[in-house]
Amino acid sequence: MKIGYIQTSPIFGEKEKNFKEIEKLTNDLKADLIVLPELFATGYTFISKKEVESLAEGTNEETAHFMIDLSKKTNSIIVGGFIEAENNEIFNSAMIVSNSKVLGTYRKIHLYYKEKLWFSPGNQPLRIFKVNGVNIGIIICFDWIFPEISRTLALLGADIIAHPANLVLPYCQNAMITRSIENRIFTVTSNRIGEEKRGVDDFKFTGKSQITSFKGEILSSAPKDKIFIDFVDIDISKTRDKKLNEFNDLFEDRRENYYYNIRN
Ligand code: ACM
């Protein structure tokens with residue numbers, strides 16, 4: 001299976017230009033899974049709720065159409081971030097698209113910084129998307145710092161976690177090595193680069209998109225400041241065996257009785 005990412009530098013508010021850039025980068029590409037960054041079509045640094053609303057979409061609008069076209073062109077499953085509007089709520093979401101269809105969305109559960117002003121936190125149970133025999137889980141950016149979400153997706157059967165991101169902290173790439181090892185899954189972090197100075201905020205995004213194996217090997221690492229695309233071939237069957245050795249199985253060895261179930 002050929003999986004990878006497209007690390008871009010979105011221009012704020014310019015969906016068509018951002019689509020065109022990805023089209024150019026994927027001209028001759030054929031793959032199985034392509035992960036795009038968080039909010040890849042809109043940019044990230046909003047200055048008002050009105051602005052966020054004006055860029056929000058449903059799952060049958062321009063970003064969905066772009067992702068379906070990209071999916072057809074590349075024969076791939078596509079996962080990428082967008083602003084999702086549903087009824088009166090707006091979510092920082094990722095859409096998964098395959099075989100000309102939107103399979104669903106994941107709405108970011110752990111909102112970072114001013115995202116809490118713009119978005120509602122995710123309101124759907126975590127789930128796996130089964131496509132062509134592969135189980136795909138999705139997390140978005142800051143979700144990385146909550147190991148519970150990757151663990152839950154792995155326990156639900158995820159082989160791969162697709163991780164659209166707009167990272168501004170320097171820790172995630174290292175953390176994804178641990179997320180991959182502790183769950184014996186592949187992870188694909190698709191980050192963006194560039195700077196967005198809007199209103200009082202000035203974000204510098206950290207690039208270094210990364211593909212990490214079930215054993216914690218870094219299979220691909222992008223530059224911190226360049227548009228970049230990379231793909232690797234992986235054997236998905238490796239994620240189905242959680243044994244570390246003849247005595248240890250990462251899932252069977254869990255001692256749930258000792259893990260406190262603390263709720264707010
Ligand atoms: C982030 O969650 N986009 C930092």
# chains A, B, ... in the order shown; residues from 1 in each chain; ligands from 1
>>> closest_atom_pairs(of="chain A", to="ligand 1", cutoff="9 Å", atoms="only C-alpha atoms and all ligand atoms", output="Markdown table")
| residue | atom | partner | partner_atom_place_in_ligand_line | distance |
| --- | --- | --- | --- | --- |
| A:Glu38 | CA | ligand 1 | 3 (N) | 7.2 |
| A:Leu39 | CA | ligand 1 | 3 (N) | 8.9 |
| A:Tyr44 | CA | ligand 1 | 3 (N) | 7.6 |
| A:Lys108 | CA | ligand 1 | 2 (O) | 8.8 |
| A:His110 | CA | ligand 1 | 2 (O) | 7.8 |
| A:Leu111 | CA | ligand 1 | 2 (O) | 6.4 |
| A:Tyr112 | CA | ligand 1 | 2 (O) | 4.8 |
| A:Tyr113 | CA | ligand 1 | 4 (C) | 7.6 |
| A:Glu115 | CA | ligand 1 | 2 (O) | 8.1 |
| A:Ile140 | CA | ligand 1 | 2 (O) | 6.8 |
| A:Cys141 | CA | ligand 1 | 2 (O) | 4.2 |
| A:Phe142 | CA | ligand 1 | 2 (O) | 3.7 |
| A:Asp143 | CA | ligand 1 | 2 (O) | 7.0 |
| A:Trp144 | CA | ligand 1 | 2 (O) | 8.5 |
| A:Pro164 | CA | ligand 1 | 3 (N) | 9.0 |
| A:Ala165 | CA | ligand 1 | 3 (N) | 5.9 |
| A:Asn166 | CA | ligand 1 | 3 (N) | 4.3 |
| A:Leu167 | CA | ligand 1 | 4 (C) | 4.7 |
| A:Val168 | CA | ligand 1 | 4 (C) | 5.4 |
| A:Leu169 | CA | ligand 1 | 4 (C) | 7.1 |
| A:Phe205 | CA | ligand 1 | 4 (C) | 8.7 |
>>> closest_atom_pairs(of="stretch 152-221 of chain A", to="stretch 12-21 of chain A", cutoff="12 Å", atoms="only C-alpha atoms", output="Markdown table")
| residue | atom | partner | partner_atom | distance |
| --- | --- | --- | --- | --- |
| A:Arg192 | CA | A:Asn18 | CA | 11.9 |
| A:Gly194 | CA | A:Phe12 | CA | 10.8 |
| A:Glu195 | CA | A:Phe12 | CA | 10.2 |
| A:Glu196 | CA | A:Phe12 | CA | 7.8 |
| A:Lys197 | CA | A:Phe12 | CA | 10.0 |
| A:Arg198 | CA | A:Phe12 | CA | 9.5 |
>>> write_last_selection(atoms="all heavy atoms", output="PDB file, in the first residue's frame")
ATOM      1  N   ARG A 192       1.593  21.736   7.505  1.00  0.00           N
ATOM      2  CA  ARG A 192       1.791  22.826   6.550  1.00  0.00           C
ATOM      3  C   ARG A 192       3.046  23.606   6.935  1.00  0.00           C
ATOM      4  O   ARG A 192       3.611  23.396   8.021  1.00  0.00           O
ATOM      5  CB  ARG A 192       0.587  23.770   6.522  1.00  0.00           C
ATOM      6  CG  ARG A 192       0.329  24.486   7.831  1.00  0.00           C
ATOM      7  CD  ARG A 192      -0.565  25.690   7.646  1.00  0.00           C
ATOM      8  NE  ARG A 192       0.114  26.763   6.950  1.00  0.00           N
ATOM      9  CZ  ARG A 192      -0.437  27.920   6.639  1.00  0.00           C
ATOM     10  NH1 ARG A 192      -1.685  28.164   6.952  1.00  0.00           N
ATOM     11  NH2 ARG A 192       0.245  28.865   6.028  1.00  0.00           N
ATOM     12  N   GLY A 194       4.979  27.771   6.388  1.00  0.00           N
ATOM     13  CA  GLY A 194       4.663  29.181   6.156  1.00  0.00           C
ATOM     14  C   GLY A 194       4.267  29.895   7.432  1.00  0.00           C
ATOM     15  O   GLY A 194       4.231  29.317   8.521  1.00  0.00           O
ATOM     16  N   GLU A 195       3.987  31.186   7.248  1.00  0.00           N
ATOM     17  CA  GLU A 195       3.633  32.051   8.375  1.00  0.00           C
ATOM     18  C   GLU A 195       2.292  32.700   8.071  1.00  0.00           C
ATOM     19  O   GLU A 195       2.030  33.075   6.923  1.00  0.00           O
ATOM     20  CB  GLU A 195       4.718  33.123   8.540  1.00  0.00           C
ATOM     21  CG  GLU A 195       4.436  34.080   9.668  1.00  0.00           C
ATOM     22  CD  GLU A 195       5.614  35.018   9.962  1.00  0.00           C
ATOM     23  OE1 GLU A 195       6.642  34.952   9.249  1.00  0.00           O
ATOM     24  OE2 GLU A 195       5.489  35.819  10.906  1.00  0.00           O
ATOM     25  N   GLU A 196       1.450  32.812   9.077  1.00  0.00           N
ATOM     26  CA  GLU A 196       0.198  33.562   8.923  1.00  0.00           C
ATOM     27  C   GLU A 196       0.140  34.621  10.011  1.00  0.00           C
ATOM     28  O   GLU A 196      -0.009  34.301  11.194  1.00  0.00           O
ATOM     29  CB  GLU A 196      -1.020  32.632   9.024  1.00  0.00           C
ATOM     30  CG  GLU A 196      -1.520  32.153   7.683  1.00  0.00           C
ATOM     31  CD  GLU A 196      -2.726  31.227   7.784  1.00  0.00           C
ATOM     32  OE1 GLU A 196      -3.276  31.023   8.877  1.00  0.00           O
ATOM     33  OE2 GLU A 196      -3.112  30.690   6.738  1.00  0.00           O
ATOM     34  N   LYS A 197       0.267  35.874   9.578  1.00  0.00           N
ATOM     35  CA  LYS A 197       0.207  37.000  10.512  1.00  0.00           C
ATOM     36  C   LYS A 197      -1.108  37.694  10.230  1.00  0.00           C
ATOM     37  O   LYS A 197      -1.277  38.348   9.197  1.00  0.00           O
ATOM     38  CB  LYS A 197       1.394  37.931  10.198  1.00  0.00           C
ATOM     39  CG  LYS A 197       1.728  38.945  11.237  1.00  0.00           C
ATOM     40  CD  LYS A 197       3.116  39.496  10.891  1.00  0.00           C
ATOM     41  CE  LYS A 197       3.598  40.647  11.715  1.00  0.00           C
ATOM     42  NZ  LYS A 197       2.814  41.171  12.784  1.00  0.00           N
ATOM     43  N   ARG A 198      -2.067  37.499  11.130  1.00  0.00           N
ATOM     44  CA  ARG A 198      -3.393  38.099  10.914  1.00  0.00           C
ATOM     45  C   ARG A 198      -3.918  38.580  12.254  1.00  0.00           C
ATOM     46  O   ARG A 198      -3.860  37.853  13.251  1.00  0.00           O
ATOM     47  CB  ARG A 198      -4.354  37.096  10.262  1.00  0.00           C
ATOM     48  CG  ARG A 198      -3.817  36.527   8.943  1.00  0.00           C
ATOM     49  CD  ARG A 198      -4.870  35.776   8.131  1.00  0.00           C
ATOM     50  NE  ARG A 198      -5.816  36.681   7.507  1.00  0.00           N
ATOM     51  CZ  ARG A 198      -7.090  36.795   7.863  1.00  0.00           C
ATOM     52  NH1 ARG A 198      -7.576  36.057   8.825  1.00  0.00           N
ATOM     53  NH2 ARG A 198      -7.887  37.647   7.259  1.00  0.00           N
TER      54      ARG A 198
END
>>> closest_residue(among="A:Asp202, A:Asp233, A:Asp241, A:Glu23", to="A:Asp69", atoms="only C-alpha atoms")
A:Glu23
>>> atom_distance(atom1="atom CA of A:Leu33", atom2="atom CA of A:Val52")
28.1 Å
>>> closest_atom_pairs(of="stretch 121-203 of chain A", to="stretch 86-97 of chain A", cutoff="10 Å", atoms="only C-alpha atoms", output="CSV")
residue,atom,partner,partner_atom,distance
A:Pro121,CA,A:Phe91,CA,6.7
A:Gly122,CA,A:Phe91,CA,6.7
A:Asn123,CA,A:Phe91,CA,9.1
A:Phe129,CA,A:Ile96,CA,8.3
A:Val131,CA,A:Val97,CA,9.8
A:Ile136,CA,A:Ile96,CA,9.4
A:Gly137,CA,A:Ile96,CA,10.0
A:Ile138,CA,A:Ala94,CA,7.7
A:Ile139,CA,A:Ala94,CA,8.2
A:Ile140,CA,A:Ala94,CA,7.4
A:Ala162,CA,A:Ala94,CA,9.6
A:His163,CA,A:Ala94,CA,9.1
A:Pro164,CA,A:Ala94,CA,7.4
>>> select_by_dssp(residues="stretch 76-258 of chain A", states="helix (DSSP H, G or I)", output="VMD selection string")
chain A and resid 115 to 118 141 to 145 147 to 155 172 to 183 236 to 240 256 to 258
>>> atom_distance(atom1="atom CA of A:Thr74", atom2="atom CA of A:Leu29")
5.7 Å
>>> select_by_dssp(residues="stretch 97-235 of chain A", states="strand (DSSP E)", output="VMD selection string")
chain A and resid 97 to 98 101 to 107 129 to 131 134 to 138 160 to 164 186 to 190 195 to 198 201 to 204 210 to 212 218 to 221 228 to 233
>>> write_last_selection(atoms="N, CA and C atoms", output="tab-separated table (two decimals), in the first residue's frame")
chain	number	residue	atom	x	y	z
A	97	VAL	N	-12.44	10.78	1.70
A	97	VAL	CA	-13.09	10.61	0.40
A	97	VAL	C	-12.46	9.41	-0.31
A	98	SER	N	-13.29	8.59	-0.92
A	98	SER	CA	-12.76	7.47	-1.70
A	98	SER	C	-13.79	7.04	-2.74
A	101	LYS	N	-16.78	9.14	-3.47
A	101	LYS	CA	-17.76	9.39	-2.40
A	101	LYS	C	-17.11	9.99	-1.16
A	102	VAL	N	-17.85	10.86	-0.49
A	102	VAL	CA	-17.42	11.30	0.84
A	102	VAL	C	-17.84	10.20	1.82
A	103	LEU	N	-16.84	9.61	2.52
A	103	LEU	CA	-17.16	8.52	3.46
A	103	LEU	C	-17.60	9.07	4.80
A	104	GLY	N	-17.15	10.28	5.12
A	104	GLY	CA	-17.53	10.86	6.40
A	104	GLY	C	-16.56	11.94	6.82
A	105	THR	N	-16.78	12.43	8.03
A	105	THR	CA	-15.87	13.45	8.56
A	105	THR	C	-15.49	13.07	9.99
A	106	TYR	N	-14.34	13.59	10.40
A	106	TYR	CA	-13.96	13.57	11.81
A	106	TYR	C	-13.91	15.03	12.27
A	107	ARG	N	-14.58	15.32	13.37
A	107	ARG	CA	-14.61	16.69	13.90
A	107	ARG	C	-13.65	16.78	15.07
A	129	PHE	N	-12.73	4.27	9.54
A	129	PHE	CA	-13.25	4.18	8.18
A	129	PHE	C	-12.57	2.98	7.52
A	130	LYS	N	-13.39	1.99	7.14
A	130	LYS	CA	-12.86	0.79	6.49
A	130	LYS	C	-12.91	1.01	4.99
A	131	VAL	N	-11.75	1.04	4.34
A	131	VAL	CA	-11.72	1.26	2.89
A	131	VAL	C	-10.76	0.28	2.26
A	134	VAL	N	-8.61	-1.70	4.50
A	134	VAL	CA	-7.72	-0.97	5.41
A	134	VAL	C	-8.57	-0.16	6.39
A	135	ASN	N	-8.14	-0.14	7.63
A	135	ASN	CA	-8.88	0.60	8.67
A	135	ASN	C	-8.16	1.91	8.96
A	136	ILE	N	-8.86	3.00	8.68
A	136	ILE	CA	-8.23	4.32	8.81
A	136	ILE	C	-8.91	5.09	9.94
A	137	GLY	N	-8.09	5.58	10.86
A	137	GLY	CA	-8.57	6.49	11.91
A	137	GLY	C	-8.06	7.88	11.60
A	138	ILE	N	-8.76	8.88	12.09
A	138	ILE	CA	-8.35	10.27	11.81
A	138	ILE	C	-8.23	11.03	13.13
A	160	ILE	N	-3.91	2.58	10.30
A	160	ILE	CA	-3.21	3.84	9.99
A	160	ILE	C	-3.99	4.97	10.66
A	161	ILE	N	-3.26	5.90	11.26
A	161	ILE	CA	-3.91	7.15	11.67
A	161	ILE	C	-3.47	8.24	10.69
A	162	ALA	N	-4.47	8.83	10.03
A	162	ALA	CA	-4.23	9.98	9.16
A	162	ALA	C	-4.35	11.22	10.02
A	163	HIS	N	-3.35	12.10	9.93
A	163	HIS	CA	-3.24	13.20	10.90
A	163	HIS	C	-2.99	14.53	10.19
A	164	PRO	N	-4.06	15.13	9.66
A	164	PRO	CA	-3.90	16.48	9.09
A	164	PRO	C	-3.52	17.45	10.20
A	186	PHE	N	0.66	2.52	11.77
A	186	PHE	CA	1.32	3.56	10.97
A	186	PHE	C	0.63	4.89	11.23
A	187	THR	N	1.39	5.98	11.21
A	187	THR	CA	0.78	7.31	11.32
A	187	THR	C	1.33	8.20	10.19
A	188	VAL	N	0.45	9.02	9.65
A	188	VAL	CA	0.85	9.98	8.62
A	188	VAL	C	0.44	11.36	9.08
A	189	THR	N	1.43	12.17	9.47
A	189	THR	CA	1.17	13.56	9.86
A	189	THR	C	1.45	14.44	8.65
A	190	SER	N	0.39	15.12	8.18
A	190	SER	CA	0.55	16.02	7.04
A	190	SER	C	0.46	17.45	7.57
A	195	GLU	N	3.99	31.19	7.25
A	195	GLU	CA	3.63	32.05	8.37
A	195	GLU	C	2.29	32.70	8.07
A	196	GLU	N	1.45	32.81	9.08
A	196	GLU	CA	0.20	33.56	8.92
A	196	GLU	C	0.14	34.62	10.01
A	197	LYS	N	0.27	35.87	9.58
A	197	LYS	CA	0.21	37.00	10.51
A	197	LYS	C	-1.11	37.69	10.23
A	198	ARG	N	-2.07	37.50	11.13
A	198	ARG	CA	-3.39	38.10	10.91
A	198	ARG	C	-3.92	38.58	12.25
A	201	ASP	N	-2.42	37.75	15.92
A	201	ASP	CA	-1.73	36.45	15.92
A	201	ASP	C	-0.72	36.35	14.78
A	202	ASP	N	0.35	35.62	15.06
A	202	ASP	CA	1.41	35.43	14.08
A	202	ASP	C	1.91	33.99	14.25
A	203	PHE	N	1.38	33.10	13.42
A	203	PHE	CA	1.75	31.68	13.56
A	203	PHE	C	2.78	31.30	12.52
A	204	LYS	N	3.80	30.58	12.99
A	204	LYS	CA	4.77	29.97	12.07
A	204	LYS	C	4.57	28.47	12.15
A	210	GLN	N	5.43	13.84	8.51
A	210	GLN	CA	6.14	12.61	8.87
A	210	GLN	C	5.27	11.36	8.67
A	211	ILE	N	5.91	10.32	8.16
A	211	ILE	CA	5.27	9.00	8.12
A	211	ILE	C	6.06	8.12	9.09
A	212	THR	N	5.35	7.49	10.01
A	212	THR	CA	6.01	6.69	11.04
A	212	THR	C	5.47	5.27	11.00
A	218	ILE	N	10.94	6.32	11.39
A	218	ILE	CA	10.50	7.46	10.57
A	218	ILE	C	10.75	7.08	9.11
A	219	LEU	N	9.67	6.84	8.38
A	219	LEU	CA	9.79	6.40	6.99
A	219	LEU	C	9.92	7.58	6.05
A	220	SER	N	9.44	8.74	6.49
A	220	SER	CA	9.55	9.96	5.69
A	220	SER	C	9.50	11.16	6.62
A	221	SER	N	10.36	12.14	6.34
A	221	SER	CA	10.34	13.37	7.12
A	221	SER	C	10.56	14.53	6.16
A	228	PHE	N	6.34	20.08	-0.01
A	228	PHE	CA	6.99	18.77	-0.16
A	228	PHE	C	5.92	17.68	-0.24
A	229	ILE	N	6.22	16.66	-1.03
A	229	ILE	CA	5.29	15.54	-1.09
A	229	ILE	C	6.11	14.26	-1.05
A	230	ASP	N	5.63	13.26	-0.32
A	230	ASP	CA	6.37	12.01	-0.25
A	230	ASP	C	5.43	10.84	0.03
A	231	PHE	N	5.82	9.69	-0.49
A	231	PHE	CA	5.01	8.48	-0.35
A	231	PHE	C	5.92	7.30	-0.05
A	232	VAL	N	5.41	6.34	0.71
A	232	VAL	CA	6.18	5.12	1.01
A	232	VAL	C	5.25	3.92	0.83
A	233	ASP	N	5.87	2.77	0.58
A	233	ASP	CA	5.11	1.52	0.49
A	233	ASP	C	5.14	0.84	1.85
>>> residues_around(residues="A:Asp225", least_positions_apart="4", cutoff="8 Å", atoms="only C-alpha atoms", output="PyMOL selection string")
chain A and resi 193-194+206-208
>>> closest_atom_pairs(of="stretch 87-186 of chain A", to="stretch 250-259 of chain A", cutoff="9 Å", atoms="only C-alpha atoms", output="Markdown table")
| residue | atom | partner | partner_atom | distance |
| --- | --- | --- | --- | --- |
| A:Leu155 | CA | A:Phe251 | CA | 7.7 |
| A:Glu182 | CA | A:Leu250 | CA | 7.3 |
| A:Asn183 | CA | A:Leu250 | CA | 7.2 |
| A:Arg184 | CA | A:Leu250 | CA | 8.2 |
>>> write_last_selection(atoms="C-alpha atoms", output="PDB file, in the first residue's frame")
ATOM      1  CA  LEU A 155      -8.450  -0.399  19.870  1.00  0.00           C
ATOM      2  CA  GLU A 182       2.495   2.059  21.645  1.00  0.00           C
ATOM      3  CA  ASN A 183      -0.340   1.172  19.260  1.00  0.00           C
ATOM      4  CA  ARG A 184       1.688  -0.682  16.580  1.00  0.00           C
TER       5      ARG A 184
END
>>> atom_distance(atom1="atom CA of A:Pro37", atom2="atom CA of A:Gly80")
5.9 Å
>>> closest_residue(among="A:Ile185, A:Leu244, A:Ala31, A:Ala175", to="A:Phe214", atoms="only C-alpha atoms")
A:Ile185
>>> closest_residue(among="A:Ala41, A:Leu55, A:Ser180, A:Ser100", to="A:Ile68", atoms="only C-alpha atoms")
A:Ser100
>>> residues_around(residues="A:Ile181", least_positions_apart="5", cutoff="8 Å", atoms="only C-alpha atoms", output="NGL selection string")
:A and (213-216)
>>> closest_residue(among="A:Ile262, A:Ile83, A:Ile128, A:Ala154", to="A:Glu62", atoms="only C-alpha atoms")
A:Ile83
